[in-house]
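Structure record follows, encoded as structure tokens.
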Amino acid sequence: MPTSSCPIVALVGRPNVGKSTLFNRITRSRKALVDPTPGVTRDRHYDRVVWEDHPFILVDTGGIDDNPDDALVSHIREQALAAIDEADIILFLMDGRAGLTPADHAVVDILRRTDKPILHVVNKIDGPEQEQELLAPFYELGIEQLWALSAEHTYGFRTLMEDLGAILAERTAGEVAIDLPENTVKVAFLGRPNVGKSSLINQIVGKERMVVSEISGTTRDSVDTLLVHGNYSYLLIDTAGIRRRGKTTEKLEKFSILKSLAALERCDVAVVLIDAGEGMTEQDTRIIGYALEQGRGMIVLVNKWDLVAGDKKRQEEIMAEVGQALPFLGFAPLLTVSALTGYGIKRLFPVIGSVFRQFKAKFATAALNRLLREAVEEHNPPIYKNKRLKFYYTSQIGTCPPKFVIMTNSSKGVHFSYERYLVNRFRQGLGLDKVPIRIFFRDKTEQREK
């Protein structure tokens with residue numbers, strides 16, 4: 001069972017050079033708002049992309065610094081510094097129509113200090129007839145290779161992506177393949193910087209004293225730890241927060257969430273840490289939302305519980321905050337721990353094991369159909385277009401998390417409330433109370449036509 005990291009590719013450039021347009025082109029989406037007003041990308045946009053079998057996380061860095069009082073060169077410099085710190089590959093965009101600017105010079109000087117792959121792209125070049133005229137000024141930068149591109153009209157796009165793919169392939173080939181033992185549970189520890197992820201792993205490792213190996217190079221800025229506990233091996237994936245101090249801390253912290261995304265790509269169980277001293281924050285909610293999107297098993301840990309020891313009122317307030325912020329997360333176990341004192345650590349492994357077993361669970365088709373039949377008999381499906389919905393049969397189509405398909409006479413007629421009812425019945429009937437489950441509805445007539 002090999003493990004590998006998912007590289008982060010950052011789009012960097014001045015406002016209005018086409019970063020969001022290129023983001024949409026690469027992701028084949030319209031997730032990033034495209035507008036000619038500088039600074040319109042108010043928050044980070046990211047997506048998982050697979051280009052010719054090479055997965056990566058693409059991020060539009062337009063929102064790294066939204067302070068309108070900052071000078072443009074300072075703004076773009078902070079973008080570049082953040083990308084150098086946190087990305088694996090950088091796409092630096094410049095505007096062919098606007099020409100070379102002082103900000104472009106400043107960023108190129110910064111980028112020269114890193115040995116990470118950088119593709120210098122001159123955007124808004126619509127065809128070969130414009131290349132010679134519009135590219136010429138940018139050679140003053142002393143860059144060995146420039147990529148001419150029209151993100152809007154796709155000119156040069158294929159060439160750019162093929163060269164990016166070659167870098168991704170070279171990076172993959174250079175990674176050391178790690179063969180993990182069978183039944184290895186990959187556990188990612190996620191959370192905001194300074195919430196105690198590394199301390200918690202150190203506490204676990206110190207108590208277990210059964211470390212098999214420390215694996216460097218499988219993630220950036222961290223060391224994965226492989227240990228044995230009971231009948232399972234565990235790969236503990238640390239997504240350590242940014243430690244840099246000073247005025248760039250807040251800007252760089254926005255980049256730290258990408259480490260969580262990369263870790264989610266390769267984990268079975270996401271352990272999300274919340275700081276008991278600060279309570280639930282918006283970024284905590286975002287990280288949990290990303291784990292939900294990826295369909296991972298999840299455990300929520302309220303760390304630093306020692307800070308509120310003996311304060312029953314504050315303890316109740318914190319748990320209420322978590323419950324109010326995450327009403328959709330009823331399946332995820334919620335534990336209180338202290339990485340400092342070791343409180344609650346012993347409870348973690350049994351819960352991880354329980355979540356993992358449910359995450360990988362498989363069920364016999366006969367049992368699933370019996371469960372579906374009983375659910376329909378107890379609560380009749382609604383009427384859709386003057387016809388009662390019918391559910392013919394069900395089967396499991398995947399694990400991690402468990403996924404099921406139900407054949408029906410009208411998938412469009414399944415109201416979300418009835419879908420929720422069936423999800424709850426499947427949870428109860430199959431003992432899947434600690435993991436997300438997915439149910440898909442498919443028209444029986446469509447299958448017959450195929």
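Identifiers in this document derive from the order of the structure tokens: chains are assigned A, B, ..., residues are numbered from 1 separately in each chain, and ligands are numbered from 1 in order of occurrence.
For stretch 268-271 of chain A, the residues within 9 Å (counting only C-alpha atoms, excluding itself and residues fewer than 5 positions away along the chain) are A:Val185, A:Lys186, A:Val187, A:Ala188, A:Phe189, A:Leu190, A:Gly191, A:Ala263, A:Ile288, A:Ala291, A:Arg296, A:Gly297, A:Met298, A:Ile299, A:Val300, A:Leu301, A:Ile352, A:Val355, A:Phe356, A:Phe359, A:Cys400, A:Pro401.
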Task: Residues near A:Glu317, cut-off 12 Å, only C-alpha atoms, skip fewer than 6 positions along chain, as a count of residues only - done: 9
- [ ] Compare A:Gly431, A:Pro7, A:Pro137, A:Gly206 by their minimum atom-to-atom distance to A:Ile89, counting only C-alpha atoms, and give me the closest one.
- [x]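 Among the listed residues, A:Pro7 lies closest to A:Ile89.
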- [ ] Take atom CA of A:Val107 and atom CA of A:Arg158 and report the distance between them in Å, one decimal.
- [x]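 Separating atom CA of A:Val107 from atom CA of A:Arg158 is a distance of 25.3 Å.
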Open item on the list: Neighbouring residues of A:Leu307 were defined as those with any atom within 12 Å, considering only C-alpha atoms; residues of the same chain fewer than 4 positions away were excluded. Please report them as a count of residues only.
Closed with: 19
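You can rank A:Arg192, A:Arg347, A:Arg14, A:Lys360 by their closest distance to A:Ala106 using only C-alpha atoms, and at the top of that list sits A:Arg14.
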- [ ] Compare A:Ile204, A:Ala169, A:Val195, A:Ile287 by their minimum atom-to-atom distance to A:Leu273, counting only C-alpha atoms, and give me the closest one.
- [x]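 Using only C-alpha atoms, the shortest distance to A:Leu273 belongs to A:Val195.
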TODO: Just list the residues in stretch 202-440 of chain A DSSP gives strand (DSSP E) on the backbone, as a PyMOL selection string.
DONE: chain A and resi 211-216+223-229+232-238+269-275+297-303+334-336+383-384+387-388+391-398+403-408+438-440
Open item on the list: Applying 6 Å and only C-alpha atoms, which residues near A:Tyr155 remain after dropping the ones on its own chain fewer than 5 positions away? List them as a PyMOL selection string.
Closed with: chain A and resi 126+149-150
Would you save the residues from that selection as a PDB file, in the first residue's frame, using all heavy atoms?
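Listing of out38.pdb after writing:
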ATOM      1  N   ASP A 126      -3.158  36.172 -27.881  1.00  0.00           N
ATOM      2  CA  ASP A 126      -4.226  35.417 -28.522  1.00  0.00           C
ATOM      3  C   ASP A 126      -3.807  34.566 -29.712  1.00  0.00           C
ATOM      4  O   ASP A 126      -4.625  33.822 -30.260  1.00  0.00           O
ATOM      5  CB  ASP A 126      -5.346  36.370 -28.966  1.00  0.00           C
ATOM      6  CG  ASP A 126      -6.036  37.029 -27.777  1.00  0.00           C
ATOM      7  OD1 ASP A 126      -6.053  36.406 -26.696  1.00  0.00           O
ATOM      8  OD2 ASP A 126      -6.540  38.153 -27.930  1.00  0.00           O
ATOM      9  N   LEU A 149       0.349  32.573 -23.624  1.00  0.00           N
ATOM     10  CA  LEU A 149      -0.940  31.959 -23.300  1.00  0.00           C
ATOM     11  C   LEU A 149      -2.084  32.944 -23.495  1.00  0.00           C
ATOM     12  O   LEU A 149      -1.930  34.144 -23.276  1.00  0.00           O
ATOM     13  CB  LEU A 149      -0.928  31.506 -21.827  1.00  0.00           C
ATOM     14  CG  LEU A 149      -2.246  30.976 -21.244  1.00  0.00           C
ATOM     15  CD1 LEU A 149      -2.538  29.586 -21.801  1.00  0.00           C
ATOM     16  CD2 LEU A 149      -2.202  30.963 -19.722  1.00  0.00           C
ATOM     17  N   SER A 150      -3.209  32.399 -23.902  1.00  0.00           N
ATOM     18  CA  SER A 150      -4.479  33.093 -23.774  1.00  0.00           C
ATOM     19  C   SER A 150      -5.386  32.191 -22.956  1.00  0.00           C
ATOM     20  O   SER A 150      -5.948  31.225 -23.461  1.00  0.00           O
ATOM     21  CB  SER A 150      -5.119  33.383 -25.139  1.00  0.00           C
ATOM     22  OG  SER A 150      -6.428  33.900 -24.954  1.00  0.00           O
TER      23      SER A 150
END
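Atom pair atom CA of A:Gly99 / atom CA of A:Glu144: separated by 17.9 Å.
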TODO: Determine the nearest neighbour of A:Val122 from the options A:Ile345, A:Leu227, A:Leu81, A:Val12, counting only C-alpha atoms.
DONE: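 The answer is A:Val12, which sits nearest to A:Val122.
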Open item on the list: Calculated over only C-alpha atoms, which of the candidates A:Phe157, A:Phe23, A:Phe441, A:Tyr46 has the smallest distance to A:Val414?
Closed with: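 When distances to A:Val414 are compared using only C-alpha atoms, the smallest one comes from A:Phe441.
Taking only C-alpha atoms into account, A:Val121 lies nearest to A:Phe92 out of the set A:Tyr139, A:Tyr421, A:Phe92, A:Phe440.
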Task: Separation of atom CA of A:Trp147 from atom CA of A:Gln132 in Å - done: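 Atom-to-atom, atom CA of A:Gln132 to atom CA of A:Trp147, that is 12.1 Å.
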